[in-house]
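K.L.:
Structure supplied as my_file_3.txt; contents: compact mmCIF, C-alpha atoms and all ligand atoms.
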```txt
# COMPACT_ATOMS: atom_id res chain seq x y z
CA MET C 287 2.51 -38.77 28.77
CA ALA C 288 4.77 -36.53 26.70
CA LYS C 289 2.90 -34.15 24.45
CA ARG C 290 3.22 -34.33 20.68
CA GLN C 291 5.78 -31.76 19.60
CA LEU C 292 5.16 -29.33 16.73
CA ASN C 293 8.34 -27.89 15.27
CA ILE C 294 8.07 -24.31 14.13
CA ALA C 295 10.18 -22.35 11.64
CA LEU C 296 9.72 -18.59 11.78
CA VAL C 297 10.85 -16.36 8.90
CA GLY C 298 11.59 -12.77 10.00
CA TYR C 299 12.97 -11.70 13.36
CA GLN C 300 12.07 -8.05 13.83
CA PHE C 301 8.71 -6.58 14.92
CA MET C 302 6.47 -9.53 14.09
CA GLY C 303 9.35 -11.94 14.62
CA LYS C 304 9.47 -10.79 18.23
CA ALA C 305 5.67 -10.90 18.67
CA HIS C 306 5.38 -14.42 17.21
CA SER C 307 8.42 -15.78 19.08
CA ASN C 308 7.00 -14.53 22.35
CA ALA C 309 3.62 -16.05 21.53
CA TYR C 310 5.05 -19.53 20.93
CA ARG C 311 7.11 -19.30 24.13
CA GLN C 312 4.18 -18.16 26.27
CA VAL C 313 1.19 -20.02 24.85
CA GLY C 314 1.73 -23.27 26.76
CA ARG C 315 2.24 -21.34 29.99
CA PHE C 316 -1.26 -19.90 29.87
CA PHE C 317 -3.35 -22.25 27.75
CA ASP C 318 -3.86 -25.97 28.17
CA LEU C 319 -2.58 -27.36 24.87
CA ASP C 320 -2.26 -31.01 23.99
CA VAL C 321 0.77 -30.26 21.81
CA GLU C 322 4.08 -28.60 22.63
CA PRO C 323 5.30 -25.90 20.24
CA VAL C 324 9.04 -26.19 19.70
CA LEU C 325 10.89 -23.03 18.64
CA LYS C 326 13.01 -24.94 16.15
CA VAL C 327 14.49 -22.43 13.73
CA ILE C 328 14.30 -18.70 13.10
CA CYS C 329 15.31 -17.29 9.73
CA GLY C 330 16.58 -13.93 8.46
CA ARG C 331 19.04 -12.82 5.81
CA ASN C 332 21.58 -11.15 8.08
CA GLU C 333 23.49 -13.88 9.93
CA GLN C 334 24.71 -11.71 12.79
CA LYS C 335 21.26 -10.26 13.47
CA VAL C 336 19.34 -13.52 13.12
CA LYS C 337 21.81 -15.23 15.46
CA ALA C 338 21.22 -12.49 18.02
CA ALA C 339 17.46 -12.99 17.60
CA GLN C 340 17.87 -16.76 17.99
CA ASN C 341 19.53 -16.22 21.37
CA LEU C 342 17.22 -13.45 22.53
CA PHE C 343 13.95 -15.24 21.67
CA GLY C 344 15.16 -18.76 22.51
CA TRP C 345 15.11 -20.59 19.14
CA GLN C 346 17.14 -23.82 18.81
CA GLU C 347 18.68 -22.92 15.44
CA TYR C 348 18.93 -20.08 12.94
CA ALA C 349 18.95 -20.05 9.13
CA THR C 350 19.71 -17.34 6.58
CA ASN C 351 17.66 -18.64 3.62
CA TRP C 352 13.95 -19.48 3.98
CA GLU C 353 14.20 -21.96 1.10
CA ASP C 354 16.37 -24.19 3.27
CA LEU C 355 13.46 -24.60 5.71
CA ILE C 356 10.84 -25.68 3.23
CA ASN C 357 11.92 -29.27 2.63
CA ARG C 358 13.17 -30.03 6.12
CA SER C 359 11.27 -33.10 7.32
CA ASP C 360 11.52 -31.95 10.94
CA ILE C 361 9.46 -28.76 10.42
CA ASP C 362 5.66 -28.88 10.92
CA ILE C 363 4.72 -25.19 10.73
CA ILE C 364 6.15 -22.31 8.72
CA ASP C 365 5.35 -18.92 10.23
CA ILE C 366 5.90 -15.90 7.96
CA GLY C 367 6.80 -12.51 9.47
CA THR C 368 8.65 -10.96 6.53
CA PRO C 369 7.73 -7.97 4.33
CA ASN C 370 4.62 -8.28 2.19
CA ASN C 371 6.13 -9.14 -1.21
CA THR C 372 7.58 -12.38 0.20
CA HIS C 373 4.35 -13.78 1.67
CA ALA C 374 2.95 -15.46 -1.45
CA ILE C 375 6.16 -17.14 -2.53
CA ILE C 376 7.03 -18.46 0.94
CA SER C 377 3.52 -19.61 1.85
CA GLN C 378 2.93 -21.33 -1.49
CA ALA C 379 6.27 -23.17 -1.32
CA ALA C 380 5.62 -24.19 2.29
CA LEU C 381 2.12 -25.53 1.57
CA LYS C 382 3.38 -27.46 -1.44
CA ALA C 383 6.00 -29.04 0.83
CA GLY C 384 3.24 -30.15 3.24
CA LYS C 385 3.76 -27.56 6.00
CA HIS C 386 1.00 -25.83 7.92
CA VAL C 387 1.34 -22.07 7.37
CA LEU C 388 0.65 -19.05 9.53
CA CYS C 389 1.25 -15.92 7.44
CA GLU C 390 1.39 -12.29 8.46
CA LYS C 391 -1.03 -10.01 6.65
CA PRO C 392 -1.42 -9.33 3.77
CA LEU C 393 -1.61 -12.73 2.08
CA ALA C 394 0.07 -11.23 -1.02
CA ILE C 395 0.54 -7.88 -2.71
CA SER C 396 -1.92 -8.66 -5.52
CA VAL C 397 -5.31 -10.35 -5.67
CA ALA C 398 -3.99 -12.76 -8.32
CA ASP C 399 -1.26 -14.00 -5.97
CA ALA C 400 -3.62 -14.07 -2.99
CA ARG C 401 -6.12 -16.16 -4.98
CA GLU C 402 -3.32 -18.57 -5.93
CA SER C 403 -2.21 -18.92 -2.28
CA TYR C 404 -5.81 -19.54 -1.22
CA SER C 405 -6.32 -22.13 -3.93
CA ILE C 406 -3.12 -24.01 -2.98
CA ALA C 407 -4.12 -23.88 0.69
CA LYS C 408 -7.60 -25.24 -0.07
CA GLN C 409 -6.24 -28.14 -2.10
CA SER C 410 -3.57 -28.95 0.48
CA GLY C 411 -5.91 -29.71 3.38
CA LEU C 412 -3.26 -28.19 5.65
CA VAL C 413 -3.98 -25.63 8.35
CA ASN C 414 -3.53 -22.13 6.97
CA GLY C 415 -3.90 -18.84 8.79
CA ILE C 416 -3.57 -15.12 8.17
CA CYS C 417 -2.46 -12.99 11.13
CA HIS C 418 -5.31 -10.59 11.68
CA ASN C 419 -4.42 -10.52 15.35
CA TYR C 420 -7.07 -7.98 16.33
CA ARG C 421 -9.67 -10.77 16.06
CA PHE C 422 -7.92 -12.18 19.11
CA VAL C 423 -8.46 -9.14 21.30
CA PRO C 424 -10.95 -10.54 23.83
CA GLY C 425 -13.15 -7.42 23.61
CA ILE C 426 -13.38 -7.64 19.82
CA ALA C 427 -14.06 -11.38 19.88
CA TYR C 428 -16.74 -10.77 22.52
CA ALA C 429 -18.26 -7.87 20.55
CA SER C 430 -18.56 -10.14 17.54
CA GLN C 431 -20.39 -12.69 19.74
CA LEU C 432 -22.83 -10.00 20.93
CA VAL C 433 -23.53 -8.98 17.34
CA LYS C 434 -24.11 -12.63 16.31
CA GLU C 435 -26.50 -13.07 19.25
CA GLY C 436 -28.50 -10.12 17.88
CA LYS C 437 -27.87 -7.75 20.82
CA LEU C 438 -27.60 -4.80 18.43
CA GLY C 439 -30.26 -6.04 16.00
CA ALA C 440 -29.59 -5.57 12.30
CA ILE C 441 -26.34 -3.68 11.75
CA ARG C 442 -26.63 -0.49 9.73
CA HIS C 443 -23.21 1.15 9.92
CA PHE C 444 -19.53 0.29 10.39
CA ARG C 445 -17.31 3.35 10.89
CA GLY C 446 -13.57 2.80 11.23
CA VAL C 447 -10.42 4.89 11.28
CA TYR C 448 -6.90 3.57 11.76
CA LEU C 449 -4.54 6.46 12.41
CA GLN C 450 -0.82 6.60 13.16
CA ASP C 451 1.80 9.36 12.90
CA TRP C 452 5.18 7.64 12.60
CA ILE C 453 5.95 8.99 9.10
CA VAL C 454 4.64 12.52 9.62
CA ASN C 455 8.24 13.79 9.72
CA GLU C 456 9.66 14.15 6.19
CA ALA C 457 13.04 12.98 7.53
CA VAL C 458 11.69 9.45 8.08
CA PRO C 459 13.50 7.44 5.39
CA LEU C 460 12.09 5.33 2.61
CA VAL C 461 11.60 2.12 4.62
CA TRP C 462 10.10 -0.93 2.86
CA ARG C 463 6.58 0.06 3.96
CA LEU C 464 6.84 3.09 1.62
CA ASP C 465 7.93 1.05 -1.42
CA LYS C 466 5.02 -0.32 -3.49
CA THR C 467 7.08 -3.17 -4.95
CA ILE C 468 7.62 -4.52 -1.42
CA ALA C 469 4.57 -3.34 0.53
CA GLY C 470 1.90 -3.41 -2.20
CA SER C 471 0.32 -0.28 -0.76
CA GLY C 472 0.84 2.16 2.10
CA SER C 473 -1.54 3.00 4.95
CA HIS C 474 -4.23 1.21 2.98
CA GLY C 475 -2.73 -2.30 3.04
CA ASP C 476 -1.06 -1.72 6.38
CA LEU C 477 -3.99 -0.31 8.35
CA ASN C 478 -7.24 -0.45 6.36
CA ALA C 479 -6.52 -4.18 5.98
CA HIS C 480 -7.12 -4.56 9.74
CA LEU C 481 -10.35 -2.56 9.66
CA ILE C 482 -11.59 -4.57 6.67
CA ASP C 483 -10.97 -7.78 8.59
CA THR C 484 -12.64 -6.40 11.71
CA ALA C 485 -15.72 -5.32 9.77
CA ARG C 486 -16.04 -8.78 8.16
CA PHE C 487 -15.41 -10.52 11.49
CA VAL C 488 -17.66 -8.45 13.73
CA MET C 489 -20.57 -8.12 11.30
CA GLY C 490 -20.24 -11.57 9.70
CA THR C 491 -20.88 -10.20 6.23
CA GLU C 492 -18.94 -9.42 3.05
CA PHE C 493 -18.23 -6.18 1.20
CA SER C 494 -20.40 -5.66 -1.86
CA ARG C 495 -18.87 -2.46 -3.31
CA VAL C 496 -16.40 0.26 -2.46
CA MET C 497 -15.52 3.81 -3.51
CA GLY C 498 -12.15 5.25 -2.48
CA MET C 499 -9.72 8.15 -2.61
CA SER C 500 -6.07 8.30 -1.68
CA GLU C 501 -3.20 10.77 -1.53
CA THR C 502 0.56 10.80 -1.05
CA PHE C 503 1.58 14.06 0.61
CA ILE C 504 5.30 13.42 1.14
CA LYS C 505 6.53 12.25 -2.23
CA GLU C 506 10.31 12.10 -1.61
CA ARG C 507 12.13 10.71 1.40
CA PRO C 508 15.75 10.00 2.35
CA LEU C 509 17.05 6.64 1.20
CA LEU C 510 18.20 4.25 3.90
CA ALA C 511 21.87 3.44 4.16
CA ASP C 512 21.01 0.07 5.71
CA THR C 513 18.01 -1.39 3.91
CA GLY C 514 17.76 -4.29 6.36
CA GLY C 515 16.64 -1.89 9.10
CA GLY C 516 13.20 -1.89 10.66
CA LEU C 517 11.35 1.03 12.17
CA ALA C 518 14.06 1.77 14.72
CA GLY C 519 17.57 3.06 14.14
CA PHE C 520 17.18 4.74 10.79
CA THR C 521 20.40 5.64 8.98
CA ALA C 522 19.94 7.89 5.96
CA SER C 523 22.27 7.59 2.96
CA GLY C 524 22.18 11.28 1.96
CA GLU C 525 20.15 10.63 -1.22
CA THR C 526 16.38 10.67 -1.65
CA GLY C 527 13.90 8.38 -3.42
CA SER C 528 10.23 8.48 -4.42
CA VAL C 529 7.48 7.27 -2.13
CA SER C 530 5.34 4.92 -4.25
CA VAL C 531 2.48 4.22 -1.82
CA ASP C 532 -0.48 6.13 -0.37
CA ASP C 533 -0.08 8.19 2.79
CA VAL C 534 -3.85 8.12 3.26
CA THR C 535 -6.66 6.04 1.79
CA ALA C 536 -10.29 6.59 2.70
CA PHE C 537 -13.27 4.74 1.30
CA LEU C 538 -17.01 4.24 1.46
CA ALA C 539 -18.43 0.72 1.47
CA ARG C 540 -21.68 -1.16 1.05
CA PHE C 541 -22.00 -4.60 2.64
CA GLN C 542 -23.99 -7.63 1.56
CA ASN C 543 -26.13 -7.35 4.72
CA GLY C 544 -27.20 -3.88 3.57
CA ALA C 545 -25.01 -1.93 6.00
CA THR C 546 -22.95 1.09 5.00
CA GLY C 547 -19.31 1.62 5.99
CA THR C 548 -16.70 4.37 6.09
CA PHE C 549 -12.99 3.70 6.46
CA GLU C 550 -9.87 5.88 6.71
CA ALA C 551 -6.23 4.91 7.20
CA THR C 552 -3.30 7.30 7.49
CA ARG C 553 0.13 7.39 9.05
CA LEU C 554 0.19 11.21 8.93
CA ALA C 555 -2.12 12.01 11.87
CA PRO C 556 0.02 13.80 14.50
CA GLY C 557 -0.72 12.53 17.98
CA ARG C 558 -2.43 9.35 16.82
CA LYS C 559 -0.10 6.45 17.61
CA ASN C 560 -2.08 3.27 17.07
CA TYR C 561 -5.59 4.67 16.92
CA ASN C 562 -7.46 1.65 15.57
CA PHE C 563 -10.95 2.96 16.32
CA TRP C 564 -14.28 1.68 15.05
CA GLU C 565 -17.91 1.70 15.97
CA ILE C 566 -20.92 -0.19 14.70
CA ASN C 567 -24.49 0.99 14.89
CA GLY C 568 -27.38 -1.45 14.83
CA GLU C 569 -31.12 -0.99 15.16
CA LYS C 570 -30.94 -1.71 18.93
CA GLY C 571 -27.57 -0.25 19.91
CA SER C 572 -23.94 0.57 19.20
CA ILE C 573 -20.50 -0.78 20.10
CA VAL C 574 -17.36 1.41 20.17
CA TYR C 575 -13.78 0.12 20.29
CA ASN C 576 -10.40 1.87 20.49
CA GLN C 577 -7.25 -0.27 20.37
CA GLU C 578 -5.39 2.25 22.55
CA ARG C 579 -7.75 1.13 25.35
CA MET C 580 -7.89 -2.51 24.32
CA ASN C 581 -9.14 -3.89 27.64
CA GLU C 582 -12.53 -2.25 27.31
CA PHE C 583 -15.21 -1.31 24.83
CA GLU C 584 -18.36 0.78 25.02
CA ILE C 585 -21.90 -0.35 24.36
CA TYR C 586 -25.15 1.57 24.10
CA LEU C 587 -28.45 -0.32 24.13
CA THR C 588 -31.70 1.37 23.15
CA ASP C 589 -33.76 -0.86 25.45
CA ASP C 590 -31.93 0.29 28.60
CA PRO C 591 -34.40 2.01 30.93
CA GLU C 592 -35.01 5.70 30.35
CA GLY C 593 -32.73 7.77 32.55
CA LEU C 594 -30.03 5.10 32.48
CA ARG C 595 -29.54 5.12 28.75
CA GLY C 596 -26.00 5.97 27.67
CA PHE C 597 -22.74 4.34 26.68
CA HIS C 598 -21.56 1.74 29.20
CA ARG C 599 -17.83 1.05 29.44
CA ILE C 600 -17.35 -2.71 29.64
CA GLN C 601 -14.17 -4.32 30.98
CA SER C 602 -13.38 -6.98 28.41
CA THR C 603 -11.30 -8.97 30.87
CA GLU C 604 -14.06 -11.06 32.46
CA SER C 605 -13.15 -14.74 32.56
CA PHE C 606 -16.22 -15.71 30.51
CA MET C 607 -15.00 -13.57 27.62
CA PRO C 608 -12.96 -15.21 24.83
CA TYR C 609 -9.41 -16.23 25.88
CA MET C 610 -9.58 -14.41 29.23
CA SER C 611 -9.89 -17.45 31.50
CA ALA C 612 -6.27 -18.25 30.56
CA TYR C 613 -5.00 -15.02 32.13
CA TRP C 614 -5.70 -12.92 35.19
CA PRO C 615 -8.64 -11.98 37.41
CA VAL C 616 -10.98 -9.39 35.91
CA ALA C 617 -9.37 -5.97 35.22
CA HIS C 618 -5.86 -7.34 35.69
CA ILE C 619 -5.34 -6.28 32.15
CA ILE C 620 -3.59 -7.81 29.14
CA GLY C 621 -1.62 -6.21 26.26
CA TYR C 622 -0.80 -6.25 22.55
CA GLU C 623 1.37 -9.37 22.82
CA HIS C 624 -1.55 -11.40 24.16
CA THR C 625 -3.39 -11.02 20.84
CA PHE C 626 -0.58 -13.08 19.28
CA ILE C 627 -0.58 -15.62 22.12
CA ASN C 628 -4.34 -16.10 21.63
CA MET C 629 -3.84 -16.39 17.89
CA VAL C 630 -1.15 -19.08 18.06
CA TYR C 631 -3.24 -20.91 20.66
CA ASP C 632 -6.07 -21.25 18.15
CA PHE C 633 -3.61 -22.12 15.38
CA LEU C 634 -1.80 -24.85 17.34
CA LYS C 635 -5.15 -26.26 18.49
CA ALA C 636 -6.28 -26.44 14.86
CA VAL C 637 -3.10 -28.27 13.84
CA SER C 638 -3.43 -30.59 16.81
CA ASN C 639 -7.11 -31.42 16.18
CA GLY C 640 -6.97 -31.38 12.38
CA ASN C 641 -9.50 -28.53 12.30
CA GLN C 642 -9.42 -25.34 10.26
CA PHE C 643 -8.21 -22.08 11.76
CA THR C 644 -9.83 -18.71 11.17
CA PRO C 645 -8.95 -16.24 9.80
CA ASP C 646 -7.62 -18.45 7.01
CA PHE C 647 -6.27 -17.92 3.51
CA GLN C 648 -9.81 -17.38 2.22
CA ASP C 649 -10.11 -14.46 4.63
CA GLY C 650 -6.70 -13.22 3.46
CA PHE C 651 -7.79 -13.47 -0.18
CA ARG C 652 -11.08 -11.65 0.45
CA ASN C 653 -9.27 -8.93 2.37
CA GLN C 654 -6.88 -8.45 -0.54
CA ALA C 655 -9.80 -8.34 -2.99
CA VAL C 656 -11.37 -5.47 -1.02
CA LEU C 657 -8.04 -3.63 -0.76
CA GLU C 658 -7.46 -3.91 -4.49
CA ALA C 659 -11.06 -2.93 -5.35
CA VAL C 660 -10.50 0.26 -3.34
CA ASP C 661 -7.24 0.91 -5.23
CA THR C 662 -9.08 0.45 -8.54
CA SER C 663 -11.80 2.80 -7.36
CA CYS C 664 -9.25 5.43 -6.29
CA ALA C 665 -7.86 5.40 -9.84
CA SER C 666 -11.22 5.32 -11.68
CA GLU C 667 -13.19 7.46 -9.17
CA LYS C 668 -16.04 4.93 -9.56
CA TRP C 669 -17.71 2.33 -7.34
CA VAL C 670 -16.02 -1.09 -7.67
CA THR C 671 -17.26 -4.55 -6.68
CA PRO C 672 -14.54 -6.73 -5.10
CA GLU C 673 -14.16 -10.11 -6.82
CA LEU C 674 -14.65 -12.41 -3.86
N1 LIG K 701 -0.59 -8.30 12.50
C1 LIG K 701 -0.14 -7.09 12.74
O1 LIG K 701 -0.73 -6.33 13.47
C2 LIG K 701 1.13 -6.65 12.10
C3 LIG K 701 1.91 -5.63 12.68
C4 LIG K 701 3.12 -5.30 12.07
C5 LIG K 701 3.50 -5.93 10.91
N2 LIG K 701 2.70 -6.88 10.35
C6 LIG K 701 3.10 -7.57 9.11
O2 LIG K 701 4.21 -8.40 9.42
C7 LIG K 701 5.12 -8.41 8.33
C8 LIG K 701 6.51 -8.05 8.83
O3 LIG K 701 6.43 -6.74 9.36
P1 LIG K 701 7.44 -6.25 10.48
O4 LIG K 701 6.86 -5.02 11.06
O5 LIG K 701 7.82 -7.37 11.37
O6 LIG K 701 8.68 -5.86 9.55
P2 LIG K 701 10.17 -5.64 10.01
O7 LIG K 701 10.79 -4.78 8.96
O8 LIG K 701 10.22 -5.21 11.43
O9 LIG K 701 10.79 -7.12 9.91
C9 LIG K 701 10.87 -7.83 8.71
C10 LIG K 701 11.74 -9.05 8.89
O10 LIG K 701 11.78 -9.80 7.69
C11 LIG K 701 13.14 -10.12 7.37
N3 LIG K 701 13.21 -10.37 5.95
C12 LIG K 701 12.96 -9.51 4.93
N4 LIG K 701 13.08 -10.15 3.73
C13 LIG K 701 13.43 -11.44 4.02
C14 LIG K 701 13.70 -12.58 3.24
N5 LIG K 701 13.65 -12.54 1.92
N6 LIG K 701 14.01 -13.75 3.87
C15 LIG K 701 14.07 -13.81 5.22
N7 LIG K 701 13.81 -12.74 6.03
C16 LIG K 701 13.50 -11.59 5.43
C17 LIG K 701 13.90 -8.93 7.88
O11 LIG K 701 15.26 -9.20 8.04
C18 LIG K 701 13.19 -8.71 9.22
O12 LIG K 701 13.64 -9.62 10.19
C19 LIG K 701 4.57 -7.45 7.29
O13 LIG K 701 3.95 -8.20 6.28
C20 LIG K 701 3.55 -6.62 8.03
O14 LIG K 701 2.46 -6.26 7.22
C21 LIG K 701 1.54 -7.23 10.92
```
Could I get this structure in the form of structure tokens?

P.N.:
Amino acid sequence: MAKRQLNIALVGYQFMGKAHSNAYRQVGRFFDLDVEPVLKVICGRNEQKVKAAQNLFGWQEYATNWEDLINRSDIDIIDIGTPNNTHAIISQAALKAGKHVLCEKPLAISVADARESYSIAKQSGLVNGICHNYRFVPGIAYASQLVKEGKLGAIRHFRGVYLQDWIVNEAVPLVWRLDKTIAGSGSHGDLNAHLIDTARFVMGTEFSRVMGMSETFIKERPLLADTGGGLAGFTASGETGSVSVDDVTAFLARFQNGATGTFEATRLAPGRKNYNFWEINGEKGSIVYNQERMNEFEIYLTDDPEGLRGFHRIQSTESFMPYMSAYWPVAHIIGYEHTFINMVYDFLKAVSNGNQFTPDFQDGFRNQAVLEAVDTSCASEKWVTPEL
């Protein structure tokens, strides 16, 4: 029997556009789905570039205005891979038009807008998801299972740093990620957002208060000649403009389960490329994860026998670990793109079964509330309680 088809419209065709397109193309080749995702239409503002993306990624059609997609009766899912300031408006319009929505992080660039998107999603009864793709790394999903099973006992600390270096050179132009009106914030919303989600996911608890500091070291950068450009192929215009976001944001946190947390995000750490590193310490052990070695994690258990106690490196590619039975034999490793394949698998399954998907818009809203509480704390130099 032919599978029910789900027609997808994807807005944005660059970095995340590529990752999401690939995920929809591959998901049915690895996972057993009872629906068939159809790559119906991809959207971007530049006709020539979106047409090229349509051909490259294998979409049936292209469009140059996202508003044209919203009321099309043949679209089931709107997937949003555009810059941050567009997420609230597109997702709210799509939900109101009865579409399921998968939205890149962050949900919005303000808590007020994120709360509104969450409220519309809740009322709609439609499947809504926020793309915190690191939850779909098998090792992270498995670590969260171990914590829930009590392997580490009560968790006392979460310690995370997310470090990159792609803007360390002052000649890197003022791309949209460095403009507060588009991005909302800098390293904080870009990178701490992932650590915040990981902490909530792995520990299964909420933030209770935060205390932050931030700094912008490179305050002026060359303006782009072509503002439609992504991270590759910069062309500077010869003029400069002001950077309006943080280069680094670090913060302390208390969690509702009593644990303490420290977080730091920067894109000015030479040599660190995508160093999404965290560890948790519980009363009976610790888990350590580094995204640059995403097929493994380390675990230390205090009840290991004396003489054999130490960090064990665990291959997180065993078939009994989340998502891994869809892929290869153990240690035949997977990559970054598989996090998106796993994510759209869960999302399509939720749409197919009428279930909810996690992380959803409530998770996106709570993430934004923590981000903004840290921003408020950076300005006031006081502890702030996120309004969850
Ligand atoms: N989950 C993750 O790990 C992850 C990684 C990277 C980016 N992101 C998020 O994904 C989003 C997109 O980031 P990116 O790196 O793909 O950016 P990008 O600059 O590479 O691509 C942005 C795309 O959006 C398009 N676009 C911009 N405004 C538009 C509009 N009004 N209508 C239609 N298309 C429009 C651009 O043409 C481009 O195709 C951001 O919100 C970012 O935070 C998430």

K.L.:
Quick one: pull the distance between atom CA of Arg558 of chain C and atom N4 of ligand LIG 701 (chain K), Å, one decimal.

P.N.:
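Value for the atom CA of Arg558 of chain C-atom N4 of ligand LIG 701 (chain K) distance: 28.1 Å.
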
K.L.:
Between C:Ser528, C:Gln431, C:Thr644, C:Asn576, single out the one closest to Met607 of chain C, counting all atoms listed in the file.

P.N.:
C:Gln431

K.L.:
Hey, which residues come within 8 Å of ligand LIG 701 (chain K) if we count only C-alpha atoms and all ligand atoms? Could you give them as an MDAnalysis selection string?

P.N.:
chainID C and resid 297:304 329:332 336 350:352 366:373 390:392 417:420 462 469 475:476 480 514:517

K.L.:
Which segment 505-603 of chain C residues have any atom within 10 Å of an atom of segment 617-624 of chain C, and for each, what is the nearest pair of atoms with distance in Å to one decimal, counting all atoms listed in the file, rows sorted by chain and number, as CSV?

P.N.:
```
residue,atom,partner,partner_atom,distance
C:Gln577,CA,C:Tyr622,CA,9.1
C:Glu578,CA,C:Tyr622,CA,9.7
C:Arg579,CA,C:Gly621,CA,9.6
C:Met580,CA,C:Gly621,CA,7.5
C:Asn581,CA,C:Ile619,CA,6.4
C:Glu582,CA,C:Ala617,CA,9.3
C:Gln601,CA,C:Ala617,CA,6.6
C:Ser602,CA,C:Ala617,CA,8.0
C:Thr603,CA,C:Ala617,CA,5.6
```

K.L.:
Would you list the contacts of Val313 of chain C as a ChimeraX atom specification, taking every protein, DNA or RNA residue within 9 Å and counting only C-alpha atoms, but skipping same-chain residues closer than 6 positions in sequence?

P.N.:
/C:319,323,627-628,630-631

K.L.:
Using all atoms listed in the file, list the residues that have an atom at most 8 Å from (-19.5, -1.7, 16.9), coordinates as in the file, as JSON, numbers by chain.

P.N.:
{"C": [429, 444, 488, 564, 565, 566, 567, 572, 573, 574, 575, 585]}

K.L.:
Can you write out the residues you just picked, keeping C-alpha atoms, as a compact mmCIF listing (two decimals), in the frame of the given file?

P.N.:
```
# COMPACT_ATOMS: atom_id res chain seq x y z
CA ALA C 429 -18.26 -7.87 20.55
CA PHE C 444 -19.53 0.29 10.39
CA VAL C 488 -17.66 -8.45 13.73
CA TRP C 564 -14.28 1.68 15.05
CA GLU C 565 -17.91 1.70 15.97
CA ILE C 566 -20.92 -0.19 14.70
CA ASN C 567 -24.49 0.99 14.89
CA SER C 572 -23.94 0.57 19.20
CA ILE C 573 -20.50 -0.78 20.10
CA VAL C 574 -17.36 1.41 20.17
CA TYR C 575 -13.78 0.12 20.29
CA ILE C 585 -21.90 -0.35 24.36
```

K.L.:
Could you check which of C:Leu296, C:Ile375, C:Ala440, C:Ile426 is closest to Ala339 of chain C, using all atoms listed in the file?

P.N.:
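Looking only at the distances to Ala339 of chain C, the closest residue turns out to be C:Leu296.
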
K.L.:
What's around Gly314 of chain C at 12 Å? Count all atoms listed in the file, leave out sequence neighbours fewer than 6 positions away in its own chain, and write the answer as an NGL selection string.

P.N.:
:C and (289 or 291 or 308 or 320-324 or 612-613 or 627-628 or 630-632 or 634-635)

K.L.:
Up to 10 Å from (5.0, 9.6, 15.9) in the file's coordinates: name the residues, counting only C-alpha atoms, as a PDB file with C-alpha atoms, in the frame of the given file.

P.N.:
```pdb
ATOM      1  CA  GLN C 450      -0.820   6.600  13.160  1.00  0.00           C
ATOM      2  CA  ASP C 451       1.800   9.360  12.900  1.00  0.00           C
ATOM      3  CA  TRP C 452       5.180   7.640  12.600  1.00  0.00           C
ATOM      4  CA  ILE C 453       5.950   8.990   9.100  1.00  0.00           C
ATOM      5  CA  VAL C 454       4.640  12.520   9.620  1.00  0.00           C
ATOM      6  CA  ASN C 455       8.240  13.790   9.720  1.00  0.00           C
ATOM      7  CA  ARG C 553       0.130   7.390   9.050  1.00  0.00           C
ATOM      8  CA  LEU C 554       0.190  11.210   8.930  1.00  0.00           C
ATOM      9  CA  ALA C 555      -2.120  12.010  11.870  1.00  0.00           C
ATOM     10  CA  PRO C 556       0.020  13.800  14.500  1.00  0.00           C
ATOM     11  CA  GLY C 557      -0.720  12.530  17.980  1.00  0.00           C
ATOM     12  CA  ARG C 558      -2.430   9.350  16.820  1.00  0.00           C
ATOM     13  CA  LYS C 559      -0.100   6.450  17.610  1.00  0.00           C
ATOM     14  CA  ASN C 560      -2.080   3.270  17.070  1.00  0.00           C
TER      15      ASN C 560
END
```

K.L.:
Mind checking which residues fall within 7 Å of Phe597 of chain C, counting only C-alpha atoms, ignoring those fewer than 2 positions away in the same chain, and posting them as an MDAnalysis selection string?

P.N.:
chainID C and resid 584:586 599

K.L.:
Using all atoms listed in the file, which of the listed residues (C:Gly490, C:Gly547, C:Gly593, C:Gly498) sits closest to Ala665 of chain C?

P.N.:
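Checking each candidate against Ala665 of chain C, we get C:Gly498 as the closest.
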
K.L.:
Using all atoms listed in the file, what table do you get, as a Markdown table, when you list each residue of segment 436-476 of chain C with an atom no more than 12 Å from segment 659-663 of chain C, its nearest pair of atoms, and their distance in Å rounded to one decimal, rows by chain then rising number?

P.N.:
```
| residue | atom | partner | partner_atom | distance |
| --- | --- | --- | --- | --- |
| C:Gly470 | CA | C:Asp661 | CA | 10.6 |
| C:Ser471 | CA | C:Asp661 | CA | 8.9 |
| C:Gly472 | CA | C:Asp661 | CA | 11.0 |
| C:Ser473 | CA | C:Asp661 | CA | 11.9 |
| C:His474 | CA | C:Asp661 | CA | 8.7 |
| C:Gly475 | CA | C:Asp661 | CA | 10.0 |
```

K.L.:
Give me, please, the distance in Å between atom CA of Asn357 of chain C and atom CA of Ala380 of chain C, quoted to one decimal.

P.N.:
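Distance between the two atoms: 8.1 Å.
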
K.L.:
Between atom CA of Ile406 of chain C and atom CA of Arg486 of chain C, measure the distance and give it in Å to one decimal.

P.N.:
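Answer for the atom CA of Ile406 of chain C to atom CA of Arg486 of chain C separation: 22.9 Å.
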
K.L.:
Using all atoms listed in the file, pick whichever of C:Ala295, C:Met489, C:Ala427, C:Leu510 has the shortest atom-to-atom distance to Leu460 of chain C.

P.N.:
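Closest candidate: C:Leu510.
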
K.L.:
Which polymer residues have any atom within 9 Å of an atom of Ser605 of chain C, counting only C-alpha atoms, with same-chain residues fewer than 4 positions away left out, as a PyMOL selection string?

P.N.:
chain C and resi 609-616
